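Have a look at final.cif; it's mmCIF, C-alpha atoms:
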data_entry
loop_
_atom_site.label_atom_id
_atom_site.label_comp_id
_atom_site.auth_asym_id
_atom_site.auth_seq_id
_atom_site.Cartn_x
_atom_site.Cartn_y
_atom_site.Cartn_z
CA MET A 1 0.50 -46.85 -21.35
CA SER A 2 0.16 -46.22 -17.61
CA PRO A 3 3.18 -44.65 -15.92
CA SER A 4 5.38 -47.00 -13.94
CA PRO A 5 5.07 -46.69 -10.15
CA SER A 6 8.83 -46.11 -10.05
CA SER A 7 8.71 -43.42 -12.72
CA PRO A 8 6.11 -40.77 -11.87
CA PRO A 9 5.07 -38.54 -14.77
CA PRO A 10 6.74 -35.14 -14.95
CA VAL A 11 4.84 -32.15 -13.57
CA PRO A 12 5.21 -28.48 -14.41
CA SER A 13 8.18 -26.90 -12.63
CA SER A 14 6.00 -24.30 -10.90
CA PRO A 15 3.14 -25.40 -8.60
CA SER A 16 1.24 -22.29 -9.70
CA ALA A 17 1.17 -23.69 -13.24
CA LEU A 18 -1.05 -26.49 -11.93
CA GLY A 19 -3.81 -24.12 -10.81
CA ALA A 20 -4.97 -22.85 -7.45
CA PHE A 21 -6.22 -25.43 -4.99
CA SER A 22 -7.42 -25.74 -1.43
CA ALA A 23 -7.42 -28.83 0.75
CA VAL A 24 -9.63 -30.78 3.12
CA VAL A 25 -7.86 -33.05 5.61
CA LEU A 26 -10.13 -35.73 7.07
CA ALA A 27 -9.20 -36.22 10.72
CA GLY A 28 -12.51 -36.95 12.38
CA GLY A 29 -12.75 -40.73 12.12
CA THR A 30 -13.43 -43.08 15.01
CA ALA A 31 -10.04 -44.87 14.88
CA ALA A 32 -11.90 -47.95 16.10
CA ARG A 33 -8.96 -50.28 15.44
CA MET A 34 -6.73 -48.08 17.59
CA GLY A 35 -9.00 -47.85 20.59
CA GLY A 36 -10.80 -44.68 19.54
CA ILE A 37 -7.83 -42.37 20.03
CA ASP A 38 -7.44 -39.03 18.28
CA LYS A 39 -5.45 -40.32 15.35
CA ALA A 40 -4.41 -36.85 14.24
CA SER A 41 -2.37 -36.46 17.43
CA VAL A 42 -0.51 -39.77 17.08
CA GLU A 43 3.19 -39.18 16.49
CA LEU A 44 5.41 -40.69 13.83
CA GLY A 45 9.03 -39.63 13.65
CA GLY A 46 8.51 -36.99 16.31
CA ARG A 47 5.64 -35.28 14.45
CA THR A 48 1.90 -35.81 14.60
CA LEU A 49 0.03 -37.40 11.75
CA LEU A 50 -1.78 -34.09 11.31
CA ALA A 51 1.56 -32.28 10.92
CA HIS A 52 2.53 -34.78 8.21
CA ALA A 53 -0.81 -34.22 6.45
CA LEU A 54 -0.52 -30.43 6.58
CA GLU A 55 2.95 -30.65 5.07
CA ALA A 56 1.54 -32.74 2.21
CA VAL A 57 -0.84 -29.90 1.31
CA LEU A 58 1.76 -27.20 1.90
CA ASP A 59 0.94 -25.44 -1.38
CA ALA A 60 -2.81 -25.20 -0.73
CA ARG A 61 -4.05 -21.64 -0.42
CA GLU A 62 -6.58 -22.68 2.25
CA VAL A 63 -6.81 -25.79 4.44
CA VAL A 64 -9.80 -27.10 6.35
CA VAL A 65 -9.28 -29.90 8.86
CA VAL A 66 -12.37 -31.94 9.66
CA GLY A 67 -11.65 -33.00 13.21
CA ASP A 68 -11.13 -31.75 16.73
CA GLU A 69 -9.07 -28.60 17.07
CA VAL A 70 -5.42 -29.01 18.07
CA PRO A 71 -2.41 -26.66 17.83
CA THR A 72 -0.85 -26.44 14.35
CA ASP A 73 2.16 -24.72 12.82
CA ARG A 74 0.10 -23.10 10.06
CA PRO A 75 -3.28 -21.39 9.94
CA VAL A 76 -6.07 -23.86 9.25
CA THR A 77 -9.82 -23.95 9.82
CA PHE A 78 -11.19 -26.72 12.04
CA VAL A 79 -14.75 -27.96 11.58
CA ARG A 80 -16.77 -31.02 12.55
CA GLU A 81 -19.50 -32.73 10.60
CA ASP A 82 -22.91 -32.71 12.30
CA PRO A 83 -23.68 -35.26 13.55
CA ARG A 84 -20.14 -36.40 14.23
CA HIS A 85 -18.57 -39.49 12.69
CA GLY A 86 -20.69 -39.22 9.57
CA GLY A 87 -18.02 -40.86 7.43
CA PRO A 88 -15.67 -39.54 4.73
CA VAL A 89 -18.38 -38.08 2.48
CA ALA A 90 -19.94 -36.05 5.29
CA GLY A 91 -16.45 -34.96 6.34
CA LEU A 92 -15.42 -34.02 2.81
CA LEU A 93 -18.54 -31.98 2.12
CA THR A 94 -18.45 -30.30 5.52
CA GLY A 95 -14.87 -29.30 4.82
CA ARG A 96 -15.69 -28.10 1.33
CA ASP A 97 -18.51 -25.91 2.69
CA ALA A 98 -16.15 -24.33 5.23
CA LEU A 99 -13.83 -22.97 2.52
CA LEU A 100 -13.94 -19.19 2.30
CA ARG A 101 -13.12 -19.19 -1.42
CA PRO A 102 -13.96 -22.45 -3.19
CA PRO A 103 -11.04 -23.19 -5.54
CA PRO A 104 -11.02 -24.75 -9.01
CA LEU A 105 -9.37 -27.85 -7.51
CA LEU A 106 -9.90 -29.45 -4.12
CA ALA A 107 -7.32 -31.78 -2.59
CA VAL A 108 -8.63 -34.40 -0.17
CA LEU A 109 -6.39 -36.32 2.22
CA ALA A 110 -6.95 -38.72 5.10
CA VAL A 111 -4.90 -37.71 8.13
CA ASP A 112 -3.42 -41.20 8.49
CA MET A 113 -1.33 -41.22 5.28
CA PRO A 114 2.04 -39.83 6.43
CA ARG A 115 3.98 -40.80 3.31
CA VAL A 116 1.96 -38.52 1.05
CA THR A 117 3.96 -35.42 0.13
CA PRO A 118 3.50 -32.16 -1.79
CA ALA A 119 4.92 -33.99 -4.82
CA THR A 120 2.02 -36.44 -4.58
CA PHE A 121 -0.48 -33.63 -4.94
CA ASP A 122 1.55 -31.97 -7.69
CA ARG A 123 1.29 -35.25 -9.58
CA LEU A 124 -2.43 -35.59 -8.90
CA ARG A 125 -3.14 -32.02 -10.00
CA ALA A 126 -1.12 -32.48 -13.16
CA GLY A 127 -2.96 -35.75 -13.82
CA VAL A 128 -6.46 -34.26 -13.79
CA GLY A 129 -6.32 -33.12 -17.42
CA ASP A 130 -9.88 -32.87 -18.74
CA ALA A 131 -11.21 -35.40 -16.21
CA ASP A 132 -13.28 -34.58 -13.14
CA GLY A 133 -10.36 -35.31 -10.85
CA ALA A 134 -7.48 -37.67 -10.18
CA ARG A 135 -6.87 -40.28 -7.53
CA LEU A 136 -4.16 -42.70 -6.50
CA LEU A 137 -4.20 -46.39 -7.32
CA ASP A 138 -2.12 -48.57 -5.02
CA PRO A 139 -0.32 -51.84 -5.91
CA GLY A 140 -3.29 -53.85 -4.64
CA GLY A 141 -5.77 -52.05 -6.88
CA ARG A 142 -7.25 -49.96 -4.06
CA HIS A 143 -7.77 -46.23 -3.95
CA PRO A 144 -6.07 -44.57 -0.97
CA LEU A 145 -7.84 -41.53 0.38
CA ALA A 146 -5.67 -38.97 -1.38
CA LEU A 147 -7.22 -37.34 -4.41
CA VAL A 148 -7.91 -34.10 -6.25
CA LEU A 149 -11.36 -33.13 -7.51
CA ARG A 150 -12.71 -30.33 -9.63
CA THR A 151 -14.81 -28.44 -7.12
CA ASP A 152 -17.65 -27.70 -9.53
CA ARG A 153 -17.88 -31.38 -10.52
CA LEU A 154 -17.99 -32.40 -6.86
CA ASP A 155 -20.76 -29.87 -6.26
CA GLY A 156 -22.69 -31.36 -9.16
CA VAL A 157 -22.92 -34.84 -7.61
CA ARG A 158 -23.18 -34.08 -3.90
CA PRO A 159 -26.22 -35.46 -2.06
CA ASP A 160 -28.36 -33.47 0.34
CA ARG A 161 -27.26 -33.12 3.95
CA GLU A 162 -29.22 -36.14 5.12
CA GLY A 163 -27.96 -38.30 2.28
CA GLN A 164 -24.29 -37.59 2.85
CA HIS A 165 -24.22 -39.03 6.38
CA GLY A 166 -22.90 -42.58 6.19
CA MET A 167 -22.52 -42.52 2.40
CA ALA A 168 -19.57 -44.48 1.03
CA LEU A 169 -16.97 -42.39 -0.75
CA ARG A 170 -17.05 -44.71 -3.76
CA THR A 171 -20.77 -43.97 -4.12
CA LEU A 172 -20.17 -40.22 -4.16
CA LEU A 173 -17.37 -40.55 -6.70
CA ALA A 174 -19.07 -43.12 -8.96
CA PRO A 175 -20.57 -40.54 -11.37
CA LEU A 176 -17.24 -38.75 -11.79
CA ARG A 177 -14.58 -39.52 -14.37
CA LEU A 178 -11.36 -39.76 -12.41
CA ALA A 179 -7.84 -40.29 -13.73
CA GLU A 180 -5.94 -42.99 -11.84
CA LEU A 181 -2.29 -42.52 -10.98
CA PRO A 182 -0.16 -45.39 -9.63
CA THR A 183 1.24 -44.71 -6.20
CA VAL A 184 4.95 -44.05 -5.87
CA GLY A 185 7.04 -45.52 -3.08
CA GLU A 186 5.17 -45.77 0.21
CA GLU A 187 2.67 -42.97 -0.30
CA HIS A 188 -0.21 -45.47 -0.24
CA ARG A 189 0.53 -46.64 3.30
CA ASP A 190 -1.81 -45.61 6.08
CA VAL A 191 -2.11 -46.02 9.82
CA ASP A 192 -5.17 -48.14 10.58
CA THR A 193 -3.64 -50.07 13.48
CA TRP A 194 -0.85 -49.73 16.02
CA ALA A 195 1.01 -52.37 14.00
CA ASP A 196 0.84 -50.09 10.94
CA LEU A 197 2.35 -47.27 12.99
CA ARG A 198 5.12 -49.52 14.29
CA ASP A 199 5.96 -50.77 10.82
CA LEU A 200 6.18 -47.24 9.43
CA ALA A 201 8.35 -46.14 12.34
CA GLU A 202 10.75 -49.02 11.70
CA ASP A 203 11.19 -48.27 8.00
#
Structure encoded using structure tokens:
Amino acid sequence: MSPSPSSPPPVPSSPSALGAFSAVVLAGGTAARMGGIDKASVELGGRTLLAHALEAVLDAREVVVVGDEVPTDRPVTFVREDPRHGGPVAGLLTGRDALLRPPPLLAVLAVDMPRVTPATFDRLRAGVGDADGARLLDPGGRHPLALVLRTDRLDGVRPDREGQHGMALRTLLAPLRLAELPTVGEEHRDVDTWADLRDLAED
């Protein structure tokens, strides 16, 4: 039986019991529906969306942000895919390649999901089991861009550099066996439009 969205499965009490992980935060999109602004620098509740994302991966031993460099409260590595705006697969793989020490597990998060928390990634890591990774499943049956992958399994399905530009994320992930975890609360919500930002700010 799938866990109820209101009753997330228990996770080990110590994050270290879930295994070491690093994180890639995808912050290099075009934000076309918001006039092409740097979405990572947009503020919600007095903090940038990037600050929210970095808090969500607080327990990661290394964080790579795929996007333009901005000041942060914690050490991170900034990179850009080449050519720019290559899409989430190009961003993910560029970020993965920038890791100094590839971890057993890789957390991936879009910068525009401010309701994702460290508990979300604890749950995802605990949910991997013997699968190739774990991802969220929202109430509408969609997969928000917050997931955990086994790094070696990701490496086994990655395309060449030319092939990754413009590739859909679902195409990259199709060969992988991913556990699906129902979202809890508002962690599936993202900021695609100014109306989305306003609605989140009013909650």
Check what the PyMOL selection byres ((chain A and resi 181) around 7) selects in the file above and give those residues as a ChimeraX atom specification.
/A:135-137,179-180,182-183
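Rounded to one decimal, CA of Val184 in chain A and CA of Ala53 in chain A lie 16.8 Å from each other.
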Hits from the PyMOL selection byres ((chain A and resi 39-47) around 12), listed as an NGL selection string:
:A and (25-38 or 48-55 or 65-73 or 110-115 or 190-194 or 196-203)
For CA of Ala131 in chain A and CA of Leu149 in chain A, the interatomic separation in Å (one decimal)
9.0 Å
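This file gives the following result for the PyMOL selection byres ((chain A and resi 153-169) around 7): Gly86, Gly87, Pro88, Val89, Ala90, Asp132, Leu149, Arg150, Thr151, Asp152, Arg170, Thr171, Leu172 and Leu173 of chain A.
Interatomic distance, CA of Arg123 in chain A to CA of Leu147 in chain A: 10.2 Å.
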Nearest to Thr120 in chain A by atom-to-atom distance, counting only C-alpha atoms, from A:Leu100, A:Ala56, A:Val63, A:Val76:
A:Ala56
I'd like to know which of A:Thr94, A:Glu186, A:Val24, A:Val148 is closest to Ala126 in chain A, using only C-alpha atoms.
A:Val148
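The nearest approach to Ala23 in chain A among the residues A:Arg142, A:Arg189, A:Arg96, A:His85, with all atoms listed in the file taken into account, belongs to A:Arg96.
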Tell me which protein, DNA and RNA residues are within 7 Å of Glu62 in chain A, counting all atoms listed in the file, leaving out same-chain ones fewer than 2 positions away, and put them as number ranges by chain.
A: 22-23, 60, 64
Taking all atoms listed in the file into account, which of A:Val79, A:Phe21, A:Glu187, A:Pro103 comes nearest Ala119 in chain A?
A:Glu187
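Of the listed residues (A:Pro144, A:Gly91, A:Gly185, A:Gly133), A:Gly133 comes nearest to Ala107 in chain A; the distances count all atoms listed in the file.
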